[in-house]
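Only one structure is covered here, and it is reproduced in the block below.
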Amino acid sequence: MARTMRWFALGVLGMALLAAGCGNKEKDATQAAIDAAQSAINSVQADAEKYVPEQLQAAQRTLQSARDALAKSDYQGALAAARDAANKAKEMAVEAVGKKEEWEKNWKELNESLPKAMEQVRYRVSLYSSKGVRLPEGVDKDVVDEAKAEYEQLKQRWAEASELAKEGKLGEAIEKATGVKEGIEKIKEMLKIKT
């Protein structure tokens, strides 16, 4: 991907040099630079939509500025905007890779720690729901029932988060799983479970 991005950047630079001519040559060279910037954006669009959508929108706005300038025969302005859009595409590619790695790491950590914490809570809820079991101080049947209901909801949300991760929607999966983690911590406090 980096080699492709360098090619596009060189293409935009080459078009800038060609744009030094006049008349149709200048217009054609500027159009070619805009097309090269569009290709650069297209090459990283799929990952950018997932991981850095704001940067993708900024690059697309910049490219539209280039088109608008070209329509007004402002070749220098169009060329500068096309160059900027190509640079934004290159930055997007790097940022998307970094964000993907960060999300994969975060998901791995959650996917390893949360099931263990959930099992600990499930065990305690089950134990405290049994008759004749002595409950910790400050915990009564109502608290156990509330914790049990909350746990069932969290279990469902964790299943949803796992499904999102399988679909490749790591950002949404992490957000949902983080909520589950907070909920599990709350139940631990309710039931006086020491970590």
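How things are named: the first chain in the structure tokens is A, the next is B, and so on; residues count from 1 in each chain; ligands count from 1 in the order shown.
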Show me, as a ChimeraX atom specification, the residues that have an atom within 6 Å of segment 39-45 of chain A when counting only C-alpha atoms, minus same-chain residues fewer than 4 positions from it. /A:49,89,93
The selected residues should be written to file as a PDB file, in the first residue's frame (atoms: C-alpha atoms).
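As written to disk, result-v3.pdb reads:
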ATOM      1  CA  GLU A  49     -14.263   4.110   6.334  1.00  0.00           C
ATOM      2  CA  ALA A  89      -4.872   9.778   1.387  1.00  0.00           C
ATOM      3  CA  ALA A  93      -3.439   4.820   4.998  1.00  0.00           C
TER       4      ALA A  93
END
Fewer than 6 positions away in the same chain doesn't count, so skip those; otherwise give me all residues within 8 Å of Leu79 of chain A, counting only C-alpha atoms, as a list in words.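 Once the adjacent positions are removed, what remains is Ala16, Thr30, Ala33, Ile34 and Ala66 of chain A.
Proximity to Tyr123 of chain A at 12 Å, evaluated using only C-alpha atoms and with sequence-adjacent residues fewer than 4 positions away removed, yields Lys116, Ala117, Met118, Glu119, Leu127, Tyr128, Ser129, Ser130, Val144, Ala147, Lys148, Tyr151, Lys188, Leu191 and Ile193 of chain A.
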Residues within 12 Å of segment 163-167 of chain A, please, as a ChimeraX atom specification. Count only C-alpha atoms; anything in the same chain fewer than 2 positions from it doesn't count. /A:50,103-104,106-108,110-111,156-161,169-177
Produce a file of the selected residues containing N, CA and C atoms, as an mmCIF file, in the first residue's frame.
data_model
loop_
_atom_site.group_PDB
_atom_site.id
_atom_site.type_symbol
_atom_site.label_atom_id
_atom_site.label_comp_id
_atom_site.auth_asym_id
_atom_site.auth_seq_id
_atom_site.Cartn_x
_atom_site.Cartn_y
_atom_site.Cartn_z
ATOM 1 N N LYS A 50 -13.689 2.347 7.904
ATOM 2 C CA LYS A 50 -13.783 1.614 9.176
ATOM 3 C C LYS A 50 -13.042 2.298 10.312
ATOM 4 N N TRP A 103 -7.106 -1.267 17.781
ATOM 5 C CA TRP A 103 -8.398 -1.919 18.063
ATOM 6 C C TRP A 103 -8.249 -3.426 18.224
ATOM 7 N N GLU A 104 -7.404 -4.027 17.385
ATOM 8 C CA GLU A 104 -7.194 -5.478 17.497
ATOM 9 C C GLU A 104 -6.590 -5.826 18.858
ATOM 10 N N ASN A 106 -6.851 -3.979 21.678
ATOM 11 C CA ASN A 106 -7.879 -3.742 22.697
ATOM 12 C C ASN A 106 -8.900 -4.869 22.736
ATOM 13 N N TRP A 107 -9.322 -5.321 21.553
ATOM 14 C CA TRP A 107 -10.317 -6.395 21.509
ATOM 15 C C TRP A 107 -9.731 -7.683 22.095
ATOM 16 N N LYS A 108 -8.484 -7.977 21.757
ATOM 17 C CA LYS A 108 -7.841 -9.195 22.276
ATOM 18 C C LYS A 108 -7.820 -9.176 23.804
ATOM 19 N N LEU A 110 -9.813 -7.469 25.859
ATOM 20 C CA LEU A 110 -11.183 -7.626 26.369
ATOM 21 C C LEU A 110 -11.662 -9.062 26.206
ATOM 22 N N ASN A 111 -11.353 -9.657 25.073
ATOM 23 C CA ASN A 111 -11.806 -11.014 24.779
ATOM 24 C C ASN A 111 -11.152 -12.044 25.695
ATOM 25 N N GLN A 156 -25.990 -10.958 27.309
ATOM 26 C CA GLN A 156 -26.540 -10.702 25.975
ATOM 27 C C GLN A 156 -25.695 -9.657 25.231
ATOM 28 N N ARG A 157 -25.319 -8.593 25.947
ATOM 29 C CA ARG A 157 -24.517 -7.536 25.314
ATOM 30 C C ARG A 157 -23.131 -8.059 24.911
ATOM 31 N N TRP A 158 -22.575 -8.958 25.736
ATOM 32 C CA TRP A 158 -21.286 -9.542 25.400
ATOM 33 C C TRP A 158 -21.407 -10.395 24.129
ATOM 34 N N ALA A 159 -22.498 -11.134 23.997
ATOM 35 C CA ALA A 159 -22.730 -11.933 22.785
ATOM 36 C C ALA A 159 -22.824 -11.018 21.559
ATOM 37 N N GLU A 160 -23.489 -9.880 21.725
ATOM 38 C CA GLU A 160 -23.611 -8.909 20.628
ATOM 39 C C GLU A 160 -22.243 -8.331 20.262
ATOM 40 N N ALA A 161 -21.446 -8.017 21.289
ATOM 41 C CA ALA A 161 -20.099 -7.479 21.043
ATOM 42 C C ALA A 161 -19.253 -8.498 20.288
ATOM 43 N N LYS A 169 -16.426 -5.334 12.873
ATOM 44 C CA LYS A 169 -16.800 -4.009 13.398
ATOM 45 C C LYS A 169 -16.191 -3.837 14.787
ATOM 46 N N LEU A 170 -14.857 -3.775 14.812
ATOM 47 C CA LEU A 170 -14.140 -3.759 16.085
ATOM 48 C C LEU A 170 -14.432 -2.525 16.928
ATOM 49 N N GLY A 171 -14.587 -1.376 16.302
ATOM 50 C CA GLY A 171 -14.881 -0.160 17.063
ATOM 51 C C GLY A 171 -16.165 -0.301 17.861
ATOM 52 N N GLU A 172 -17.223 -0.787 17.210
ATOM 53 C CA GLU A 172 -18.506 -0.985 17.889
ATOM 54 C C GLU A 172 -18.399 -2.096 18.925
ATOM 55 N N ALA A 173 -17.664 -3.153 18.577
ATOM 56 C CA ALA A 173 -17.505 -4.279 19.506
ATOM 57 C C ALA A 173 -16.797 -3.841 20.783
ATOM 58 N N ILE A 174 -15.747 -3.040 20.627
ATOM 59 C CA ILE A 174 -14.989 -2.560 21.787
ATOM 60 C C ILE A 174 -15.855 -1.656 22.655
ATOM 61 N N GLU A 175 -16.622 -0.782 22.007
ATOM 62 C CA GLU A 175 -17.497 0.123 22.761
ATOM 63 C C GLU A 175 -18.511 -0.668 23.587
ATOM 64 N N LYS A 176 -19.131 -1.672 22.975
ATOM 65 C CA LYS A 176 -20.129 -2.483 23.674
ATOM 66 C C LYS A 176 -19.466 -3.310 24.786
ATOM 67 N N ALA A 177 -18.318 -3.903 24.475
ATOM 68 C CA ALA A 177 -17.613 -4.735 25.457
ATOM 69 C C ALA A 177 -17.129 -3.909 26.639
#
Just want the 7 Å neighbourhood of Tyr51 of chain A, counted on only C-alpha atoms, with same-chain residues fewer than 3 positions away dropped. Output as a ChimeraX atom specification. /A:47-48,96,99-100
Pick out the closest residue to Ser113 of chain A from this set: A:Lys141, A:Arg83, A:Lys181, A:Arg61. Count only C-alpha atoms.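 Residue with the minimum atom-to-atom distance to Ser113 of chain A: A:Lys181.
Ranking A:Ala81, A:Asn24, A:Pro136, A:Leu154 by their shortest atom-to-atom distance to Asp68 of chain A, with only C-alpha atoms included, puts A:Ala81 first.
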Here is a test: counting only C-alpha atoms, which residue of A:Lys25, A:Arg67, A:Glu185, A:Glu54 is nearest to Ala37 of chain A? A:Arg67
Would you please work out which residue, of A:Gln120, A:Gln60, A:Gln76, A:Gln153, is nearest to Ala29 of chain A when using only C-alpha atoms?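 Comparing A:Gln120, A:Gln60, A:Gln76, A:Gln153 against Ala29 of chain A, the winner is A:Gln76.
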